[in-house]
Structure formats: structure tokens, C-alpha cells
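Take a look at the structure below.
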Amino acid sequence: MMQEIKQDARIAPSLPVISETKMGVEELDLFYGEFQALKDVTLDFPKNEVTALIGPSGCGKSTLLKALNRMNDLVDGCRVDGLVSLDGDDIYRDVPVNDLRRRVGMVFQQPNPFPMSIYDNIAFGPRTHGIKGKAELDVIVEQSLRDAAIWDEVKDRLKKSALGLSGGQQQRLCIARALAVQPEVLLLDESTSALDPISTAKIEDLVVEFASKYTVIMVTHNMLQALRVSTKTAFFLLGEMVEAGDTDELFTHPKDSRTADYVSGRFG
């Protein structure tokens, strides 16, 4: 019997592992008035993986990130054409905004804690979605802070203002606040660029851990960071997605000369 199994194993072809798509954009064009910020972008974001968006300032990567949870809805004159999907549903037509924001959380470049207690920062989202019981909120607050690796630093000061935390602590608090509503996708918009190296390393460690629970899409200007934490990378230039693929492959064997110039530091 063992010999038969071995023979079968030799005969059976090795099939590539195909990742399930959690979010995606297809033929996406985005305009601010007459200015076109994104041009015909098609890109899939694999479930439970970290995808990095890289490129020079003003290339459209943060604009794309905001389109993924409709933050651009708040911008006058913004128009989105094409498809943005979550689990196959068109987020601009089939998914209510409140539901979308719960399922797709976002952490911004600058820490933005609410001017309230640490506890109330984390409980804000769950309360908004109808969770009112103190015991349940206590569990959510503690677990979210633990998941963001900041519980031990703040557990004795939960009733104190979140504005008293350091910059790195505030950013991890903002991550905990995003996790409190149990999102499926986490968007990180250069979320370590304003932090010191120690705080940056802590958040990078978190991002790697998060991939087991969430689909993470991160904008970063730091190419070494993309190499350290992402499995897939997309390179943007002047509103276009030039190239996307496996992170190691894109950095070591880019297919487009513009990608090669950027990752080698020849421009950008």
C-alpha cells in the first residue's frame, strides 16, 4: 500500500496554490473633478495575506486605499468608475456604507485617537454597532488592546485620556480601535511613517501576525518594510498600477523597467 501511495505521489502533478480573493478592483478609474487620480487599475487582494502598495508620492496608492472603504465619498467632486468588490459584492452598489466600514477598517498615517478615555476609544465602534453591555464591552476592549500589543502598557489607565499616550502607543491604540469591530480587512495608510524605529518594529510585528486573521492592505513608502511584512506588492506610478506580484519576485526580478528603477532607488 505504501508503495502504491508513493507511485501516485510521483504521478500526480504539483498544482499551484491559488489564493482566495477577499477584495479586488477592476478597471477602476477615479477622478477629482477633471483630474484623474487612478487610471484603469485592476488588482486582487488575497484573503489572509498582506499586500503592500508602493510608489512615489502622489502616485495614487493612498487614493486607492481610501476607495476600498469609500473614504472618497466625503470628497466633493470625486467620481469612481469601475468595480470595487468585497467577497464578490460591489461595495459602491451592494454593500451599505456602515456595513462596509465595519468590515473594512482603516488606520491613518497620523495617529488620531478620539479626545476621550482609552476605554471609550476602543468601545466607540462596538457601541455604534449596538453593543451596550459593560461586561461584553470589557471583553472587547481588553482583547482588542491585547491584539494590538498595548494592553500591558495601558491596562491600569483605561479611564485616562488617550491623548496622553506616546505617538507609537496612540497608533497601536488606533489599530486596537479598528480591531474592536472585528473587521475582515485592515487598511493601513503609511501607519508607521510618523513613528520611531522601535514603535515601527512593533507595528510591523503586528502586521505579520494579523495575516492569520485579517486581509491586510498597506500603503508604505518604505520598500524594506514592504519586503519585511508583505507577501504581495503592487507598484504604482502616476495613477497607474505598473506591476503587481509576489513581493520577493517583484523586488528581485521586476518585469517592468520602471519598477526596476524604483525598487533599485534610481528614482522616487
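Following the order of the C-alpha cells, chains are lettered A, B, ..., residues in each are numbered from 1, and ligands are numbered from 1.
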So that I can check the secondary structure, give me every residue of region 22-105 of chain A assigned strand (DSSP E) by backbone DSSP, as a VMD selection string. chain A and resid 22 to 32 35 to 46 50 to 54 78 to 86 89 to 90 104 to 105
Mind dumping the selected residues with C-alpha atoms as a PDB file, in the first residue's frame?
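This went into out-v6.pdb:
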ATOM      1  CA  LYS A  22     -11.028  38.938  -0.478  1.00  0.00           C
ATOM      2  CA  MET A  23     -11.187  42.353  -2.157  1.00  0.00           C
ATOM      3  CA  GLY A  24     -10.498  43.483  -5.669  1.00  0.00           C
ATOM      4  CA  VAL A  25     -10.679  46.373  -8.095  1.00  0.00           C
ATOM      5  CA  GLU A  26     -11.385  46.020 -11.787  1.00  0.00           C
ATOM      6  CA  GLU A  27     -10.898  48.705 -14.445  1.00  0.00           C
ATOM      7  CA  LEU A  28     -11.017  51.319 -11.696  1.00  0.00           C
ATOM      8  CA  ASP A  29     -10.884  54.983 -12.670  1.00  0.00           C
ATOM      9  CA  LEU A  30     -11.101  57.681 -10.008  1.00  0.00           C
ATOM     10  CA  PHE A  31     -11.469  61.399 -10.682  1.00  0.00           C
ATOM     11  CA  TYR A  32     -11.240  64.510  -8.506  1.00  0.00           C
ATOM     12  CA  PHE A  35      -8.115  65.320 -12.576  1.00  0.00           C
ATOM     13  CA  GLN A  36      -7.825  61.553 -12.978  1.00  0.00           C
ATOM     14  CA  ALA A  37      -6.066  60.129  -9.905  1.00  0.00           C
ATOM     15  CA  LEU A  38      -6.399  56.424 -10.791  1.00  0.00           C
ATOM     16  CA  LYS A  39      -6.329  55.024 -14.317  1.00  0.00           C
ATOM     17  CA  ASP A  40      -7.755  51.614 -15.235  1.00  0.00           C
ATOM     18  CA  VAL A  41      -6.485  49.793 -12.140  1.00  0.00           C
ATOM     19  CA  THR A  42      -7.187  46.057 -11.852  1.00  0.00           C
ATOM     20  CA  LEU A  43      -5.828  44.308  -8.772  1.00  0.00           C
ATOM     21  CA  ASP A  44      -6.843  41.455  -6.441  1.00  0.00           C
ATOM     22  CA  PHE A  45      -6.130  41.353  -2.718  1.00  0.00           C
ATOM     23  CA  PRO A  46      -5.689  37.763  -1.440  1.00  0.00           C
ATOM     24  CA  VAL A  50      -0.517  41.264   3.424  1.00  0.00           C
ATOM     25  CA  THR A  51      -0.470  43.302   0.216  1.00  0.00           C
ATOM     26  CA  ALA A  52       1.810  46.348   0.049  1.00  0.00           C
ATOM     27  CA  LEU A  53       1.159  49.309  -2.252  1.00  0.00           C
ATOM     28  CA  ILE A  54       4.369  51.151  -3.129  1.00  0.00           C
ATOM     29  CA  CYS A  78     -14.890  62.688  -6.561  1.00  0.00           C
ATOM     30  CA  ARG A  79     -16.152  60.155  -9.119  1.00  0.00           C
ATOM     31  CA  VAL A  80     -15.422  56.430  -9.150  1.00  0.00           C
ATOM     32  CA  ASP A  81     -15.899  54.270 -12.259  1.00  0.00           C
ATOM     33  CA  GLY A  82     -15.275  50.543 -12.411  1.00  0.00           C
ATOM     34  CA  LEU A  83     -15.705  47.793  -9.847  1.00  0.00           C
ATOM     35  CA  VAL A  84     -14.531  47.633  -6.223  1.00  0.00           C
ATOM     36  CA  SER A  85     -15.589  44.338  -4.661  1.00  0.00           C
ATOM     37  CA  LEU A  86     -15.648  42.702  -1.236  1.00  0.00           C
ATOM     38  CA  ASP A  89     -20.104  42.240  -3.913  1.00  0.00           C
ATOM     39  CA  ASP A  90     -19.837  45.721  -5.438  1.00  0.00           C
ATOM     40  CA  VAL A 104     -13.074  47.157   6.271  1.00  0.00           C
ATOM     41  CA  GLY A 105     -11.209  49.085   8.981  1.00  0.00           C
TER      42      GLY A 105
END
Excluding Pro254 (chain A) and any residue of its chain fewer than 4 positions from it, enumerate the residues within 10 Å of it, using only C-alpha atoms, and give them as a ChimeraX atom specification. /A:243-245,247-250,258-261,263
Looking at A:Thr233, A:Asn98, A:Thr220, A:Gln182, which one is nearest to Gln143 (chain A), with distances taken over only C-alpha atoms?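 Of all the options, A:Gln182 lies closest to Gln143 (chain A).
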Can you pull out every residue within 12 Å of Phe114 (chain A), counting only C-alpha atoms, but drop anything in the same chain fewer than 6 positions away, and send it as a PyMOL selection string? chain A and resi 120-125+161-165+170-171+173-174+177
Residue with smallest distance to Ile91 (chain A) - pool A:Val107, A:Asp76, A:Ala180, A:Arg70, counting only C-alpha atoms: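 Looking at the shortest contact to Ile91 (chain A), the residue is A:Arg70.
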